[in-house]
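K.L.:
If it helps, the file is called my_file-v9.tsv and holds TSV, N, CA and C atoms:
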```
chain	number	residue	atom	x	y	z
A	165	GLN	N	6.20	-28.74	8.24
A	165	GLN	CA	6.52	-27.42	8.76
A	165	GLN	C	6.36	-26.38	7.65
A	166	LEU	N	5.60	-25.34	7.96
A	166	LEU	CA	5.38	-24.28	6.99
A	166	LEU	C	6.61	-23.37	6.93
A	167	GLN	N	7.10	-23.16	5.72
A	167	GLN	CA	8.23	-22.25	5.54
A	167	GLN	C	7.94	-21.28	4.41
A	168	LEU	N	8.34	-20.04	4.60
A	168	LEU	CA	8.20	-19.00	3.58
A	168	LEU	C	9.54	-18.29	3.46
A	169	VAL	N	9.99	-18.09	2.24
A	169	VAL	CA	11.27	-17.43	2.00
A	169	VAL	C	11.06	-16.31	0.99
A	170	GLU	N	11.37	-15.08	1.43
A	170	GLU	CA	11.25	-13.93	0.54
A	170	GLU	C	12.56	-13.67	-0.19
A	171	SER	N	12.45	-13.12	-1.37
A	171	SER	CA	13.63	-12.70	-2.13
A	171	SER	C	13.22	-11.57	-3.07
A	172	GLY	N	14.22	-10.91	-3.64
A	172	GLY	CA	13.95	-9.89	-4.64
A	172	GLY	C	14.10	-8.46	-4.15
A	173	GLY	N	14.36	-8.29	-2.86
A	173	GLY	CA	14.54	-6.93	-2.36
A	173	GLY	C	15.86	-6.34	-2.82
A	174	GLY	N	16.03	-5.05	-2.53
A	174	GLY	CA	17.27	-4.40	-2.91
A	174	GLY	C	17.12	-2.90	-2.91
A	175	LEU	N	18.11	-2.24	-3.52
A	175	LEU	CA	18.13	-0.79	-3.63
A	175	LEU	C	17.62	-0.39	-5.01
A	176	VAL	N	16.68	0.52	-5.04
A	176	VAL	CA	16.11	0.98	-6.31
A	176	VAL	C	15.92	2.49	-6.24
A	177	GLN	N	16.04	3.15	-7.37
A	177	GLN	CA	15.83	4.59	-7.41
A	177	GLN	C	14.35	4.93	-7.42
A	178	PRO	N	14.00	6.10	-6.94
A	178	PRO	CA	12.59	6.52	-7.00
A	178	PRO	C	12.05	6.41	-8.42
A	179	GLY	N	10.85	5.89	-8.51
A	179	GLY	CA	10.22	5.66	-9.81
A	179	GLY	C	10.51	4.28	-10.39
A	180	GLY	N	11.40	3.55	-9.76
A	180	GLY	CA	11.77	2.23	-10.24
A	180	GLY	C	10.81	1.13	-9.82
A	181	SER	N	11.15	-0.09	-10.20
A	181	SER	CA	10.29	-1.25	-9.94
A	181	SER	C	11.10	-2.38	-9.33
A	182	LEU	N	10.41	-3.22	-8.59
A	182	LEU	CA	10.97	-4.45	-8.04
A	182	LEU	C	9.89	-5.51	-8.06
A	183	ARG	N	10.32	-6.75	-8.19
A	183	ARG	CA	9.40	-7.87	-8.01
A	183	ARG	C	9.91	-8.74	-6.88
A	184	LEU	N	9.11	-8.82	-5.84
A	184	LEU	CA	9.44	-9.67	-4.70
A	184	LEU	C	8.82	-11.05	-4.91
A	185	SER	N	9.52	-12.06	-4.41
A	185	SER	CA	9.03	-13.43	-4.48
A	185	SER	C	8.92	-14.01	-3.08
A	186	CYS	N	7.91	-14.82	-2.88
A	186	CYS	CA	7.71	-15.56	-1.64
A	186	CYS	C	7.53	-17.02	-2.02
A	187	THR	N	8.56	-17.81	-1.78
A	187	THR	CA	8.51	-19.23	-2.10
A	187	THR	C	8.17	-20.01	-0.84
A	188	VAL	N	7.15	-20.85	-0.94
A	188	VAL	CA	6.66	-21.56	0.24
A	188	VAL	C	6.96	-23.04	0.13
A	189	SER	N	7.03	-23.70	1.28
A	189	SER	CA	7.18	-25.15	1.34
A	189	SER	C	6.46	-25.65	2.57
A	190	GLY	N	6.09	-26.93	2.50
A	190	GLY	CA	5.40	-27.53	3.62
A	190	GLY	C	3.90	-27.34	3.60
A	191	PHE	N	3.39	-26.65	2.60
A	191	PHE	CA	1.95	-26.49	2.46
A	191	PHE	C	1.63	-26.07	1.03
A	192	SER	N	0.35	-26.16	0.70
A	192	SER	CA	-0.09	-25.85	-0.65
A	192	SER	C	-0.73	-24.47	-0.70
A	193	LEU	N	-0.46	-23.74	-1.75
A	193	LEU	CA	-1.08	-22.43	-1.94
A	193	LEU	C	-2.58	-22.55	-2.18
A	194	ASP	N	-3.06	-23.76	-2.44
A	194	ASP	CA	-4.51	-23.97	-2.60
A	194	ASP	C	-5.24	-23.88	-1.27
A	195	LYS	N	-4.50	-23.99	-0.16
A	195	LYS	CA	-5.13	-24.06	1.16
A	195	LYS	C	-4.86	-22.85	2.03
A	196	TYR	N	-3.99	-21.95	1.59
A	196	TYR	CA	-3.59	-20.84	2.43
A	196	TYR	C	-3.70	-19.51	1.70
A	197	ALA	N	-4.09	-18.50	2.45
A	197	ALA	CA	-3.98	-17.13	1.96
A	197	ALA	C	-2.56	-16.64	2.24
A	198	ILE	N	-2.03	-15.89	1.31
A	198	ILE	CA	-0.69	-15.34	1.46
A	198	ILE	C	-0.77	-13.82	1.45
A	199	GLY	N	-0.08	-13.22	2.38
A	199	GLY	CA	-0.06	-11.77	2.45
A	199	GLY	C	1.36	-11.22	2.41
A	200	TRP	N	1.46	-10.03	1.87
A	200	TRP	CA	2.70	-9.25	1.93
A	200	TRP	C	2.49	-8.09	2.90
A	201	PHE	N	3.42	-7.94	3.81
A	201	PHE	CA	3.37	-6.88	4.80
A	201	PHE	C	4.71	-6.17	4.81
A	202	ARG	N	4.73	-4.97	5.34
A	202	ARG	CA	5.99	-4.25	5.42
A	202	ARG	C	6.07	-3.50	6.73
A	203	GLN	N	7.29	-3.26	7.16
A	203	GLN	CA	7.51	-2.49	8.38
A	203	GLN	C	8.75	-1.64	8.21
A	204	ALA	N	8.55	-0.35	8.33
A	204	ALA	CA	9.65	0.61	8.29
A	204	ALA	C	10.08	0.93	9.71
A	205	PRO	N	11.32	1.37	9.89
A	205	PRO	CA	11.80	1.69	11.23
A	205	PRO	C	10.90	2.73	11.90
A	206	GLY	N	10.49	2.41	13.12
A	206	GLY	CA	9.67	3.34	13.89
A	206	GLY	C	8.22	3.38	13.50
A	207	LYS	N	7.82	2.52	12.58
A	207	LYS	CA	6.42	2.52	12.13
A	207	LYS	C	5.77	1.17	12.40
A	208	ASP	N	4.44	1.16	12.45
A	208	ASP	CA	3.70	-0.08	12.63
A	208	ASP	C	3.77	-0.92	11.35
A	209	ARG	N	3.58	-2.21	11.52
A	209	ARG	CA	3.48	-3.09	10.36
A	209	ARG	C	2.24	-2.72	9.54
A	210	GLU	N	2.38	-2.81	8.24
A	210	GLU	CA	1.30	-2.39	7.33
A	210	GLU	C	1.04	-3.49	6.32
A	211	GLY	N	-0.21	-3.78	6.08
A	211	GLY	CA	-0.57	-4.75	5.06
A	211	GLY	C	-0.41	-4.15	3.67
A	212	VAL	N	0.33	-4.82	2.81
A	212	VAL	CA	0.55	-4.34	1.45
A	212	VAL	C	-0.45	-4.98	0.49
A	213	SER	N	-0.52	-6.32	0.52
A	213	SER	CA	-1.42	-7.02	-0.38
A	213	SER	C	-1.60	-8.45	0.09
A	214	CYS	N	-2.78	-9.01	-0.18
A	214	CYS	CA	-3.06	-10.39	0.16
A	214	CYS	C	-3.82	-11.06	-0.97
A	215	ILE	N	-3.65	-12.35	-1.06
A	215	ILE	CA	-4.36	-13.13	-2.05
A	215	ILE	C	-4.80	-14.43	-1.41
A	216	SER	N	-6.01	-14.85	-1.73
A	216	SER	CA	-6.56	-16.06	-1.13
A	216	SER	C	-7.11	-16.96	-2.22
A	217	PRO	N	-6.96	-18.28	-2.10
A	217	PRO	CA	-7.51	-19.18	-3.11
A	217	PRO	C	-9.03	-19.23	-3.08
A	218	ASN	N	-9.63	-18.78	-1.97
A	218	ASN	CA	-11.08	-18.82	-1.84
A	218	ASN	C	-11.76	-17.53	-2.22
A	219	ASP	N	-10.99	-16.56	-2.65
A	219	ASP	CA	-11.54	-15.23	-2.86
A	219	ASP	C	-11.11	-14.73	-4.24
A	220	ASP	N	-12.04	-14.31	-5.03
A	220	ASP	CA	-11.70	-13.77	-6.34
A	220	ASP	C	-11.04	-12.40	-6.24
A	221	ASN	N	-11.23	-11.75	-5.10
A	221	ASN	CA	-10.69	-10.41	-4.96
A	221	ASN	C	-9.39	-10.44	-4.18
A	222	THR	N	-8.45	-9.65	-4.62
A	222	THR	CA	-7.22	-9.47	-3.86
A	222	THR	C	-7.32	-8.17	-3.08
A	223	TYR	N	-6.54	-8.08	-2.01
A	223	TYR	CA	-6.54	-6.88	-1.18
A	223	TYR	C	-5.28	-6.08	-1.44
A	224	TYR	N	-5.43	-4.77	-1.53
A	224	TYR	CA	-4.29	-3.88	-1.65
A	224	TYR	C	-4.42	-2.76	-0.63
A	225	GLY	N	-3.32	-2.49	0.06
A	225	GLY	CA	-3.32	-1.40	1.01
A	225	GLY	C	-3.50	-0.06	0.32
A	226	TYR	N	-4.07	0.88	1.02
A	226	TYR	CA	-4.38	2.18	0.44
A	226	TYR	C	-3.13	2.86	-0.10
A	227	SER	N	-2.02	2.74	0.61
A	227	SER	CA	-0.82	3.48	0.23
A	227	SER	C	-0.14	2.91	-1.00
A	228	VAL	N	-0.51	1.71	-1.42
A	228	VAL	CA	0.15	1.09	-2.57
A	228	VAL	C	-0.81	0.79	-3.71
A	229	LYS	N	-2.09	1.00	-3.50
A	229	LYS	CA	-3.08	0.64	-4.51
A	229	LYS	C	-2.78	1.35	-5.82
A	230	GLY	N	-2.81	0.59	-6.90
A	230	GLY	CA	-2.52	1.14	-8.22
A	230	GLY	C	-1.05	1.04	-8.60
A	231	ARG	N	-0.20	0.69	-7.63
A	231	ARG	CA	1.23	0.61	-7.90
A	231	ARG	C	1.78	-0.79	-7.73
A	232	VAL	N	1.02	-1.68	-7.12
A	232	VAL	CA	1.50	-3.03	-6.89
A	232	VAL	C	0.49	-4.05	-7.42
A	233	ALA	N	0.99	-5.24	-7.68
A	233	ALA	CA	0.13	-6.34	-8.13
A	233	ALA	C	0.63	-7.63	-7.53
A	234	ILE	N	-0.29	-8.40	-6.96
A	234	ILE	CA	0.06	-9.68	-6.37
A	234	ILE	C	-0.39	-10.79	-7.31
A	235	SER	N	0.41	-11.83	-7.40
A	235	SER	CA	0.06	-12.97	-8.24
A	235	SER	C	0.70	-14.22	-7.66
A	236	LEU	N	0.23	-15.38	-8.11
A	236	LEU	CA	0.82	-16.61	-7.61
A	236	LEU	C	1.00	-17.62	-8.72
A	237	ASP	N	1.99	-18.46	-8.52
A	237	ASP	CA	2.30	-19.55	-9.45
A	237	ASP	C	2.28	-20.83	-8.63
A	238	ASN	N	1.19	-21.57	-8.73
A	238	ASN	CA	1.06	-22.80	-7.94
A	238	ASN	C	2.15	-23.81	-8.27
A	239	ALA	N	2.52	-23.91	-9.53
A	239	ALA	CA	3.53	-24.88	-9.95
A	239	ALA	C	4.88	-24.60	-9.30
A	240	LYS	N	5.16	-23.33	-9.04
A	240	LYS	CA	6.42	-22.94	-8.43
A	240	LYS	C	6.27	-22.66	-6.93
A	241	SER	N	5.07	-22.84	-6.40
A	241	SER	CA	4.81	-22.57	-4.97
A	241	SER	C	5.31	-21.18	-4.58
A	242	THR	N	5.04	-20.23	-5.42
A	242	THR	CA	5.58	-18.88	-5.23
A	242	THR	C	4.50	-17.83	-5.43
A	243	VAL	N	4.53	-16.84	-4.56
A	243	VAL	CA	3.66	-15.67	-4.67
A	243	VAL	C	4.55	-14.47	-4.97
A	244	TYR	N	4.13	-13.67	-5.93
A	244	TYR	CA	4.92	-12.53	-6.35
A	244	TYR	C	4.25	-11.21	-5.95
A	245	LEU	N	5.07	-10.21	-5.72
A	245	LEU	CA	4.57	-8.86	-5.50
A	245	LEU	C	5.34	-7.94	-6.44
A	246	GLN	N	4.66	-7.50	-7.49
A	246	GLN	CA	5.25	-6.57	-8.44
A	246	GLN	C	5.00	-5.16	-7.94
A	247	MET	N	6.06	-4.41	-7.74
A	247	MET	CA	5.93	-3.05	-7.22
A	247	MET	C	6.49	-2.06	-8.23
A	248	ASN	N	5.69	-1.09	-8.60
A	248	ASN	CA	6.08	-0.09	-9.58
A	248	ASN	C	6.01	1.31	-8.97
A	249	SER	N	6.62	2.26	-9.65
A	249	SER	CA	6.60	3.66	-9.21
A	249	SER	C	6.98	3.78	-7.73
A	250	LEU	N	8.05	3.11	-7.36
A	250	LEU	CA	8.46	3.09	-5.96
A	250	LEU	C	8.94	4.45	-5.51
A	251	GLN	N	8.63	4.77	-4.27
A	251	GLN	CA	8.99	6.05	-3.67
A	251	GLN	C	9.76	5.80	-2.37
A	252	PRO	N	10.50	6.80	-1.89
A	252	PRO	CA	11.26	6.61	-0.65
A	252	PRO	C	10.40	6.11	0.52
A	253	GLU	N	9.14	6.50	0.56
A	253	GLU	CA	8.27	6.05	1.65
A	253	GLU	C	7.92	4.57	1.57
A	254	ASP	N	8.29	3.91	0.47
A	254	ASP	CA	8.09	2.47	0.35
A	254	ASP	C	9.25	1.69	0.97
A	255	THR	N	10.28	2.40	1.43
A	255	THR	CA	11.41	1.74	2.07
A	255	THR	C	10.97	1.03	3.34
A	256	ALA	N	11.27	-0.25	3.43
A	256	ALA	CA	10.84	-1.07	4.57
A	256	ALA	C	11.38	-2.48	4.39
A	257	VAL	N	11.24	-3.27	5.44
A	257	VAL	CA	11.43	-4.70	5.31
A	257	VAL	C	10.08	-5.30	4.93
A	258	TYR	N	10.08	-6.09	3.88
A	258	TYR	CA	8.86	-6.70	3.36
A	258	TYR	C	8.84	-8.18	3.76
A	259	TYR	N	7.71	-8.58	4.32
A	259	TYR	CA	7.54	-9.95	4.78
A	259	TYR	C	6.36	-10.59	4.05
A	260	CYS	N	6.45	-11.89	3.81
A	260	CYS	CA	5.26	-12.62	3.41
A	260	CYS	C	4.84	-13.55	4.55
A	261	ALA	N	3.56	-13.83	4.58
A	261	ALA	CA	3.00	-14.61	5.67
A	261	ALA	C	1.83	-15.44	5.16
A	262	ALA	N	1.49	-16.49	5.91
A	262	ALA	CA	0.43	-17.41	5.49
A	262	ALA	C	-0.62	-17.56	6.58
A	263	GLU	N	-1.87	-17.69	6.14
A	263	GLU	CA	-3.00	-17.97	7.02
A	263	GLU	C	-3.89	-18.99	6.34
A	264	PRO	N	-4.39	-19.99	7.06
A	264	PRO	CA	-5.30	-20.95	6.42
A	264	PRO	C	-6.44	-20.24	5.72
A	265	ALA	N	-6.71	-20.62	4.50
A	265	ALA	CA	-7.72	-19.94	3.69
A	265	ALA	C	-9.10	-20.00	4.32
A	266	VAL	N	-9.41	-21.08	5.04
A	266	VAL	CA	-10.74	-21.21	5.64
A	266	VAL	C	-10.98	-20.16	6.71
A	267	ALA	N	-9.89	-19.63	7.27
A	267	ALA	CA	-10.02	-18.63	8.35
A	267	ALA	C	-9.85	-17.20	7.84
A	268	TYR	N	-9.39	-17.04	6.62
A	268	TYR	CA	-9.01	-15.72	6.12
A	268	TYR	C	-10.22	-14.88	5.72
A	269	ASP	N	-10.13	-13.60	6.03
A	269	ASP	CA	-11.05	-12.60	5.49
A	269	ASP	C	-10.21	-11.40	5.08
A	270	TYR	N	-10.70	-10.60	4.15
A	270	TYR	CA	-9.86	-9.57	3.54
A	270	TYR	C	-9.33	-8.58	4.58
A	271	TYR	N	-10.10	-8.30	5.64
A	271	TYR	CA	-9.65	-7.31	6.61
A	271	TYR	C	-8.49	-7.82	7.45
A	272	HIS	N	-8.23	-9.13	7.41
A	272	HIS	CA	-7.06	-9.67	8.11
A	272	HIS	C	-5.78	-9.11	7.50
A	273	CYS	N	-5.87	-8.61	6.28
A	273	CYS	CA	-4.68	-8.14	5.58
A	273	CYS	C	-4.25	-6.76	6.05
A	274	VAL	N	-5.07	-6.06	6.81
A	274	VAL	CA	-4.72	-4.70	7.20
A	274	VAL	C	-3.49	-4.69	8.10
A	275	LEU	N	-3.44	-5.55	9.10
A	275	LEU	CA	-2.31	-5.58	10.03
A	275	LEU	C	-1.61	-6.93	10.08
A	276	GLY	N	-2.32	-7.99	9.65
A	276	GLY	CA	-1.68	-9.30	9.61
A	276	GLY	C	-1.60	-10.01	10.94
A	277	THR	N	-2.38	-9.59	11.93
A	277	THR	CA	-2.27	-10.19	13.26
A	277	THR	C	-2.77	-11.63	13.31
A	278	THR	N	-3.56	-12.04	12.31
A	278	THR	CA	-4.07	-13.41	12.29
A	278	THR	C	-3.17	-14.36	11.51
A	279	PHE	N	-2.15	-13.83	10.85
A	279	PHE	CA	-1.21	-14.66	10.10
A	279	PHE	C	-0.18	-15.23	11.09
A	280	ARG	N	0.00	-16.54	11.06
A	280	ARG	CA	0.84	-17.20	12.06
A	280	ARG	C	2.19	-17.64	11.53
A	281	SER	N	2.33	-17.79	10.23
A	281	SER	CA	3.59	-18.26	9.65
A	281	SER	C	4.19	-17.13	8.83
A	282	TRP	N	5.46	-16.81	9.13
A	282	TRP	CA	6.11	-15.65	8.51
A	282	TRP	C	7.48	-16.02	7.94
A	283	GLY	N	7.86	-15.30	6.90
A	283	GLY	CA	9.20	-15.41	6.39
A	283	GLY	C	10.15	-14.49	7.16
A	284	GLN	N	11.40	-14.49	6.73
A	284	GLN	CA	12.42	-13.71	7.45
A	284	GLN	C	12.50	-12.27	6.99
A	285	GLY	N	11.87	-11.96	5.86
A	285	GLY	CA	11.83	-10.59	5.37
A	285	GLY	C	12.91	-10.29	4.35
A	286	THR	N	12.63	-9.30	3.51
A	286	THR	CA	13.61	-8.83	2.53
A	286	THR	C	13.57	-7.30	2.52
A	287	GLN	N	14.73	-6.68	2.53
A	287	GLN	CA	14.82	-5.23	2.62
A	287	GLN	C	14.60	-4.60	1.26
A	288	VAL	N	13.75	-3.59	1.23
A	288	VAL	CA	13.55	-2.76	0.04
A	288	VAL	C	13.93	-1.33	0.42
A	289	THR	N	14.87	-0.77	-0.31
A	289	THR	CA	15.31	0.59	-0.07
A	289	THR	C	15.14	1.40	-1.35
A	290	VAL	N	14.39	2.48	-1.25
A	290	VAL	CA	14.15	3.36	-2.39
A	290	VAL	C	14.87	4.68	-2.13
A	291	SER	N	15.90	4.92	-2.90
A	291	SER	CA	16.73	6.09	-2.66
A	291	SER	C	17.51	6.44	-3.91
A	292	SER	N	17.74	7.73	-4.08
A	292	SER	CA	18.57	8.17	-5.20
A	292	SER	C	20.03	8.29	-4.76
```
As structure tokens, what does this structure read like?
P.N.:
Amino acid sequence: QLQLVESGGGLVQPGGSLRLSCTVSGFSLDKYAIGWFRQAPGKDREGVSCISPNDDNTYYGYSVKGRVAISLDNAKSTVYLQMNSLQPEDTAVYYCAAEPAVAYDYYHCVLGTTFRSWGQGTQVTVSS
């Protein structure tokens, strides 16, 4: 059974940083693409960043490009999302999700509709 567990969310002041973690079990990061998505109240889900073992390029959403970095640690079965220069508009619940790497393409990261396995989410609140 594929499981994903997010952690690292919290309250941060504007301009601050957070590192989110997505720890997976039941599958190998060598076989799956992992994406970070977010959803704010009243807004559509938005792709933040994705990483695939089959792709040298990572995907970053337009609204976060230059401020976030995705990375993975195979030994720890964990994917990280480092977020810097956070702003109030980054407030949302952040989810990680998995899609088999053989099926993944970078545009799947825009909305995440092809990702079938999801974590429970972690709240990120940016406020002074």
K.L.:
Please, which residues in region 263-285 of chain A fall within 6 Å of region 170-176 of chain A when counting all atoms listed in the file, and what is the closest atom pair and distance in Å to one decimal for each, ordered by chain then residue number, as CSV?
P.N.:
```
residue,atom,partner,partner_atom,distance
A:Gly283,CA,A:Glu170,N,5.4
A:Gln284,N,A:Glu170,N,5.3
A:Gly285,N,A:Glu170,N,5.4
```
K.L.:
So that I can check the surroundings of Lys195 (chain A), please list as a VMD selection string every protein, DNA and RNA residue that reaches within 5 Å of it, counting only N, CA and C atoms and ignoring chain neighbours fewer than 3 positions away.
P.N.:
chain A and resid 192 264 to 265
K.L.:
Quick check, in Å to one decimal: how far apart do CA of Tyr270 (chain A) and atom C of Gly225 (chain A) lie?
P.N.:
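So the two atoms, CA of Tyr270 (chain A) and atom C of Gly225 (chain A), lie 11.9 Å apart.
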K.L.:
Region 226-233 of chain A: which residues within 6 Å, counting only C-alpha atoms, same-chain residues fewer than 3 positions away excluded, as a ChimeraX atom specification?
P.N.:
/A:245-248
K.L.:
Would you compute the distance between CA of Cys273 (chain A) and CA of Cys214 (chain A)? Give it in Å to one decimal.
P.N.:
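Here the two named atoms are 6.1 Å from each other.
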K.L.:
I'd like the contact shell of Gly206 (chain A) - 12 Å cut-off, only C-alpha atoms, skipping same-chain residues fewer than 4 positions apart - returned as a list of chain:residue names.
P.N.:
A:Arg202, A:Ala256, A:Val257
K.L.:
Neighbours of Gln203 (chain A) within 12 Å (only C-alpha atoms; same-chain residues fewer than 5 positions away dropped), as a list of chain:residue names?
P.N.:
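My list of contacting residues is A:Asp208, A:Arg209, A:Glu210, A:Gly211, A:Val212, A:Glu253, A:Asp254, A:Thr255, A:Ala256, A:Val257, A:Tyr258, A:Tyr259, A:Cys260, A:Leu275, A:Gly276, A:Gly285, A:Thr286, A:Gln287, A:Val288, A:Thr289.
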K.L.:
Pull N, CA and C atoms from the residues just selected and write them as an mmCIF file, in the frame of the given file.
P.N.:
```cif
data_model
loop_
_atom_site.group_PDB
_atom_site.id
_atom_site.type_symbol
_atom_site.label_atom_id
_atom_site.label_comp_id
_atom_site.auth_asym_id
_atom_site.auth_seq_id
_atom_site.Cartn_x
_atom_site.Cartn_y
_atom_site.Cartn_z
ATOM 1 N N ASP A 208 4.440 1.160 12.450
ATOM 2 C CA ASP A 208 3.700 -0.080 12.630
ATOM 3 C C ASP A 208 3.770 -0.920 11.350
ATOM 4 N N ARG A 209 3.580 -2.210 11.520
ATOM 5 C CA ARG A 209 3.480 -3.090 10.360
ATOM 6 C C ARG A 209 2.240 -2.720 9.540
ATOM 7 N N GLU A 210 2.380 -2.810 8.240
ATOM 8 C CA GLU A 210 1.300 -2.390 7.330
ATOM 9 C C GLU A 210 1.040 -3.490 6.320
ATOM 10 N N GLY A 211 -0.210 -3.780 6.080
ATOM 11 C CA GLY A 211 -0.570 -4.750 5.060
ATOM 12 C C GLY A 211 -0.410 -4.150 3.670
ATOM 13 N N VAL A 212 0.330 -4.820 2.810
ATOM 14 C CA VAL A 212 0.550 -4.340 1.450
ATOM 15 C C VAL A 212 -0.450 -4.980 0.490
ATOM 16 N N GLU A 253 9.140 6.500 0.560
ATOM 17 C CA GLU A 253 8.270 6.050 1.650
ATOM 18 C C GLU A 253 7.920 4.570 1.570
ATOM 19 N N ASP A 254 8.290 3.910 0.470
ATOM 20 C CA ASP A 254 8.090 2.470 0.350
ATOM 21 C C ASP A 254 9.250 1.690 0.970
ATOM 22 N N THR A 255 10.280 2.400 1.430
ATOM 23 C CA THR A 255 11.410 1.740 2.070
ATOM 24 C C THR A 255 10.970 1.030 3.340
ATOM 25 N N ALA A 256 11.270 -0.250 3.430
ATOM 26 C CA ALA A 256 10.840 -1.070 4.570
ATOM 27 C C ALA A 256 11.380 -2.480 4.390
ATOM 28 N N VAL A 257 11.240 -3.270 5.440
ATOM 29 C CA VAL A 257 11.430 -4.700 5.310
ATOM 30 C C VAL A 257 10.080 -5.300 4.930
ATOM 31 N N TYR A 258 10.080 -6.090 3.880
ATOM 32 C CA TYR A 258 8.860 -6.700 3.360
ATOM 33 C C TYR A 258 8.840 -8.180 3.760
ATOM 34 N N TYR A 259 7.710 -8.580 4.320
ATOM 35 C CA TYR A 259 7.540 -9.950 4.780
ATOM 36 C C TYR A 259 6.360 -10.590 4.050
ATOM 37 N N CYS A 260 6.450 -11.890 3.810
ATOM 38 C CA CYS A 260 5.260 -12.620 3.410
ATOM 39 C C CYS A 260 4.840 -13.550 4.550
ATOM 40 N N LEU A 275 -3.440 -5.550 9.100
ATOM 41 C CA LEU A 275 -2.310 -5.580 10.030
ATOM 42 C C LEU A 275 -1.610 -6.930 10.080
ATOM 43 N N GLY A 276 -2.320 -7.990 9.650
ATOM 44 C CA GLY A 276 -1.680 -9.300 9.610
ATOM 45 C C GLY A 276 -1.600 -10.010 10.940
ATOM 46 N N GLY A 285 11.870 -11.960 5.860
ATOM 47 C CA GLY A 285 11.830 -10.590 5.370
ATOM 48 C C GLY A 285 12.910 -10.290 4.350
ATOM 49 N N THR A 286 12.630 -9.300 3.510
ATOM 50 C CA THR A 286 13.610 -8.830 2.530
ATOM 51 C C THR A 286 13.570 -7.300 2.520
ATOM 52 N N GLN A 287 14.730 -6.680 2.530
ATOM 53 C CA GLN A 287 14.820 -5.230 2.620
ATOM 54 C C GLN A 287 14.600 -4.600 1.260
ATOM 55 N N VAL A 288 13.750 -3.590 1.230
ATOM 56 C CA VAL A 288 13.550 -2.760 0.040
ATOM 57 C C VAL A 288 13.930 -1.330 0.420
ATOM 58 N N THR A 289 14.870 -0.770 -0.310
ATOM 59 C CA THR A 289 15.310 0.590 -0.070
ATOM 60 C C THR A 289 15.140 1.400 -1.350
#
```
K.L.:
DSSP says helix (DSSP H, G or I) for which residues of region 218-282 of chain A? Put them as a PDB file with N, CA and C atoms, keeping the file's coordinate frame?
P.N.:
```pdb
ATOM      1  N   ASN A 238       1.190 -21.570  -8.730  1.00  0.00           N
ATOM      2  CA  ASN A 238       1.060 -22.800  -7.940  1.00  0.00           C
ATOM      3  C   ASN A 238       2.150 -23.810  -8.270  1.00  0.00           C
ATOM      4  N   ALA A 239       2.520 -23.910  -9.530  1.00  0.00           N
ATOM      5  CA  ALA A 239       3.530 -24.880  -9.950  1.00  0.00           C
ATOM      6  C   ALA A 239       4.880 -24.600  -9.300  1.00  0.00           C
ATOM      7  N   LYS A 240       5.160 -23.330  -9.040  1.00  0.00           N
ATOM      8  CA  LYS A 240       6.420 -22.940  -8.430  1.00  0.00           C
ATOM      9  C   LYS A 240       6.270 -22.660  -6.930  1.00  0.00           C
ATOM     10  N   PRO A 252      10.500   6.800  -1.890  1.00  0.00           N
ATOM     11  CA  PRO A 252      11.260   6.610  -0.650  1.00  0.00           C
ATOM     12  C   PRO A 252      10.400   6.110   0.520  1.00  0.00           C
ATOM     13  N   GLU A 253       9.140   6.500   0.560  1.00  0.00           N
ATOM     14  CA  GLU A 253       8.270   6.050   1.650  1.00  0.00           C
ATOM     15  C   GLU A 253       7.920   4.570   1.570  1.00  0.00           C
ATOM     16  N   ASP A 254       8.290   3.910   0.470  1.00  0.00           N
ATOM     17  CA  ASP A 254       8.090   2.470   0.350  1.00  0.00           C
ATOM     18  C   ASP A 254       9.250   1.690   0.970  1.00  0.00           C
ATOM     19  N   TYR A 270     -10.700 -10.600   4.150  1.00  0.00           N
ATOM     20  CA  TYR A 270      -9.860  -9.570   3.540  1.00  0.00           C
ATOM     21  C   TYR A 270      -9.330  -8.580   4.580  1.00  0.00           C
ATOM     22  N   TYR A 271     -10.100  -8.300   5.640  1.00  0.00           N
ATOM     23  CA  TYR A 271      -9.650  -7.310   6.610  1.00  0.00           C
ATOM     24  C   TYR A 271      -8.490  -7.820   7.450  1.00  0.00           C
ATOM     25  N   HIS A 272      -8.230  -9.130   7.410  1.00  0.00           N
ATOM     26  CA  HIS A 272      -7.060  -9.670   8.110  1.00  0.00           C
ATOM     27  C   HIS A 272      -5.780  -9.110   7.500  1.00  0.00           C
ATOM     28  N   CYS A 273      -5.870  -8.610   6.280  1.00  0.00           N
ATOM     29  CA  CYS A 273      -4.680  -8.140   5.580  1.00  0.00           C
ATOM     30  C   CYS A 273      -4.250  -6.760   6.050  1.00  0.00           C
TER      31      CYS A 273
END
```
